[in-house]
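Content type mmCIF, C-alpha atoms, from the file data-v2.cif:
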data_entry
#
loop_
_atom_site.label_atom_id
_atom_site.label_comp_id
_atom_site.auth_asym_id
_atom_site.auth_seq_id
_atom_site.Cartn_x
_atom_site.Cartn_y
_atom_site.Cartn_z
CA MET A 132 29.70 42.30 -1.89
CA GLY A 133 29.35 40.81 1.62
CA LEU A 134 25.75 42.04 1.79
CA LEU A 135 24.95 40.35 -1.53
CA LEU A 136 26.48 37.07 -0.31
CA LEU A 137 24.56 37.32 2.95
CA ALA A 138 21.29 37.89 1.06
CA GLY A 139 22.00 34.87 -1.18
CA ALA A 140 22.81 32.67 1.81
CA GLY A 141 19.64 33.85 3.55
CA HIS A 142 17.56 32.99 0.48
CA LEU A 143 19.11 29.51 0.27
CA ALA A 144 18.45 28.98 3.99
CA TRP A 145 14.80 29.99 3.49
CA GLN A 146 14.46 27.55 0.55
CA ALA A 147 16.05 24.76 2.59
CA TRP A 148 13.63 25.45 5.44
CA GLN A 149 10.62 25.41 3.09
CA ALA A 150 11.78 22.16 1.42
CA SER A 151 12.32 20.38 4.74
CA THR A 152 9.19 21.58 6.57
CA THR A 153 6.39 23.17 4.56
CA TYR A 154 6.94 21.15 1.37
CA ALA A 155 8.52 18.02 2.89
CA ALA A 156 5.75 15.73 1.59
CA ASP A 157 4.42 17.90 -1.22
CA HIS A 158 4.25 16.32 -4.66
CA ARG A 159 5.53 19.58 -6.19
CA ASN A 160 8.86 19.23 -4.41
CA PRO A 161 11.19 17.42 -6.86
CA TYR A 162 13.67 16.52 -4.09
CA VAL A 163 11.24 15.02 -1.64
CA TYR A 164 11.76 11.54 -0.32
CA ALA A 165 8.55 9.73 -1.22
CA GLN A 166 7.76 8.46 2.23
CA THR A 167 5.10 5.88 2.87
CA SER A 168 1.56 7.17 3.04
CA PRO A 169 -0.31 6.77 6.34
CA ASP A 170 -2.97 5.03 4.22
CA LEU A 171 -0.68 1.99 4.05
CA LEU A 172 -1.39 1.23 7.70
CA ARG A 173 -5.10 0.93 6.84
CA LEU A 174 -4.16 -1.75 4.31
CA VAL A 175 -2.02 -3.59 6.86
CA HIS A 176 -4.82 -3.52 9.45
CA GLN A 177 -7.29 -4.74 6.84
CA VAL A 178 -5.04 -7.67 5.87
CA GLU A 179 -4.49 -8.57 9.54
CA ALA A 180 -8.26 -8.53 10.14
CA LEU A 181 -8.78 -10.74 7.09
CA ALA A 182 -6.18 -13.17 8.46
CA GLN A 183 -8.12 -13.34 11.73
CA ALA A 184 -11.27 -14.23 9.78
CA HIS A 185 -9.42 -16.88 7.73
CA PRO A 186 -9.43 -20.48 9.06
CA GLN A 187 -5.61 -20.66 8.82
CA GLY A 188 -5.10 -17.33 10.60
CA PRO A 189 -1.56 -15.99 10.14
CA GLN A 190 -0.74 -18.93 7.86
CA MET A 191 -3.23 -17.57 5.28
CA LEU A 192 -1.76 -17.36 1.78
CA LEU A 193 -1.19 -13.78 0.64
CA LYS A 194 0.21 -12.78 -2.75
CA VAL A 195 1.72 -9.33 -3.31
CA MET A 196 2.33 -8.22 -6.90
CA ALA A 197 3.96 -4.95 -7.92
CA PRO A 198 6.28 -3.99 -10.79
CA ASP A 199 9.94 -3.52 -9.89
CA SER A 200 9.19 -4.92 -6.41
CA ASP A 201 7.62 -1.58 -5.49
CA TYR A 202 5.92 -2.74 -2.31
CA TRP A 203 8.33 -1.74 0.44
CA PRO A 204 7.68 -1.45 3.47
CA LEU A 205 4.98 -4.15 3.21
CA PRO A 206 7.47 -6.98 3.97
CA TRP A 207 8.17 -5.30 7.30
CA TYR A 208 4.53 -4.71 8.20
CA LEU A 209 3.37 -8.17 7.09
CA ARG A 210 6.21 -10.06 8.79
CA ASN A 211 3.77 -11.80 11.17
CA LEU A 212 2.11 -13.60 8.24
CA SER A 213 4.06 -16.71 7.30
CA GLN A 214 2.66 -17.45 3.82
CA VAL A 215 3.38 -14.27 1.84
CA GLY A 216 4.62 -14.41 -1.74
CA TRP A 217 6.20 -11.47 -3.58
CA TRP A 218 6.09 -11.01 -7.38
CA ASP A 219 7.11 -8.18 -9.70
CA ARG A 220 4.54 -9.28 -12.32
CA LEU A 221 1.34 -11.31 -12.34
CA PRO A 222 2.23 -14.99 -11.86
CA ALA A 223 0.60 -17.75 -13.92
CA ASP A 224 -1.78 -18.38 -11.01
CA PRO A 225 -2.23 -15.06 -9.21
CA TYR A 226 -5.18 -16.20 -7.10
CA ALA A 227 -4.96 -16.52 -3.32
CA PRO A 228 -7.37 -15.80 -0.48
CA VAL A 229 -5.89 -12.29 -0.30
CA MET A 230 -3.95 -10.46 -3.00
CA ILE A 231 -2.34 -7.03 -2.95
CA VAL A 232 -1.74 -5.81 -6.48
CA SER A 233 -0.25 -2.60 -7.84
CA SER A 234 -2.86 -0.54 -9.66
CA GLN A 235 -0.30 -0.16 -12.48
CA MET A 236 -0.88 -3.81 -13.36
CA GLN A 237 -4.59 -3.25 -14.04
CA ALA A 238 -5.09 -6.84 -12.91
CA ALA A 239 -8.92 -6.94 -12.74
CA LEU A 240 -8.69 -10.09 -10.62
CA ASP A 241 -12.35 -9.76 -9.67
CA ASP A 242 -13.49 -10.52 -13.24
CA GLN A 243 -13.96 -14.23 -12.48
CA GLU A 244 -16.35 -13.34 -9.65
CA THR A 245 -14.37 -15.43 -7.16
CA HIS A 246 -12.78 -12.35 -5.57
CA VAL A 247 -13.91 -8.88 -4.63
CA MET A 248 -11.75 -5.79 -4.95
CA ALA A 249 -11.99 -4.55 -1.38
CA GLY A 250 -10.25 -1.20 -1.76
CA TYR A 251 -7.53 1.10 -3.03
CA PHE A 252 -4.69 2.08 -0.75
CA GLN A 253 -1.94 4.63 -1.28
CA LEU A 254 1.57 3.27 -0.80
CA ARG A 255 3.26 6.60 -1.48
CA PRO A 256 2.39 9.62 -3.65
CA LYS A 257 1.06 8.43 -7.02
CA VAL A 258 1.56 4.73 -6.14
CA PHE A 259 -1.62 2.80 -5.34
CA LEU A 260 -2.33 -0.78 -4.36
CA GLU A 261 -5.53 -2.76 -4.80
CA LEU A 262 -6.73 -5.30 -2.26
CA TYR A 263 -8.49 -8.38 -3.65
CA VAL A 264 -10.19 -10.83 -1.28
CA ASP A 265 -11.74 -14.24 -1.90
CA LEU A 266 -15.52 -13.79 -1.87
CA ASN A 267 -16.10 -16.42 0.83
CA LEU A 268 -13.39 -14.93 3.04
CA TRP A 269 -14.89 -11.48 2.51
CA ARG A 270 -18.27 -12.78 3.69
CA ASP A 271 -16.69 -14.37 6.77
CA TYR A 272 -14.81 -11.14 7.48
CA LEU A 273 -18.00 -9.06 7.21
CA ALA A 274 -19.85 -11.50 9.48
CA LYS A 275 -17.16 -11.05 12.14
CA ASN A 276 -16.71 -7.31 11.49
CA PRO A 277 -20.06 -5.84 10.44
CA PRO A 278 -19.84 -2.37 8.89
CA LYS A 279 -20.38 0.41 11.40
CA ALA A 280 -23.43 2.57 10.86
CA ASP A 281 -22.56 6.22 10.45
#
With the file now loaded, output its structure as structure tokens.
Amino acid sequence: MGLLLLAGAGHLAWQAWQASTTYAADHRNPYVYAQTSPDLLRLVHQVEALAQAHPQGPQMLLKVMAPDSDYWPLPWYLRNLSQVGWWDRLPADPYAPVMIVSSQMQAALDDQETHVMAGYFQLRPKVFLELYVDLNLWRDYLAKNPPKAD
């Protein structure tokens, strides 16, 4: 009986080890904490670079829209920008020089041809954000930060 209990405890220890190391960020692990994707830092750096290209700098208006306020930890990373608005649905006037919108909203804010969708970014597994930028700001940004030739 003791040997059977020891084998069971060993198996549970092995599963705990696998869940906390090998499968810690694996989408197949139903108990995983859905930590922030490293891709989010690319979004933050992109927004900061856009703010540098904007005439108002860190006072640039930025609107973030995601259902159920599913945008954390963006408030922490964007704390240096003073004009950030947070919505859990599309507001009546969603347009701003820069907008971060959950892909679940299917916003298509570039339909009016005043903004360009500048990229998709992963917030956490299966949660994506879209970055929309005013066309004139995007041109100014590209003038200051020309694409690197590969």
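By all atoms listed in the file, and with residues fewer than 6 positions from Gln253 of chain A along its chain excluded, the set lying at most 7 Å from it is A:Ser168, A:Asp170, A:Leu171, A:Phe259, A:Leu260.
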For this file, the PyMOL selection byres ((chain A and resi 197) around 10) selects which residues, as a ChimeraX atom specification?
/A:195-196,198-203,217-221,231-236,259-260
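Computed from the coordinates, the atom CA of His176 of chain A to atom CA of Tyr226 of chain A distance equals 20.9 Å.
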If we count only C-alpha atoms and set the cut-off at 9 Å, which residues sit around segment 207-211 of chain A, ignoring sequence neighbours fewer than 4 positions away in its own chain? Please answer as a PyMOL selection string.
chain A and resi 172+175+178-179+189+203+215
Exercise: Asp265 of chain A partners within 12 Å, only C-alpha atoms, chain neighbours under 3 positions left out, as number ranges by chain:
A: 181-182, 184-185, 191-193, 226-231, 240-241, 243-249, 262, 268-272
Separating atom CA of Leu205 of chain A from atom CA of Arg255 of chain A, to the nearest tenth of an Å, is a gap of 11.9 Å
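As for atom CA of Trp148 of chain A and atom CA of Gly133 of chain A, they are spaced 22.3 Å apart.
Proximity ranking of A:Gly250, A:Leu273, A:Pro278, A:Leu266 relative to Leu174 of chain A places A:Gly250 first, based on all atoms listed in the file.
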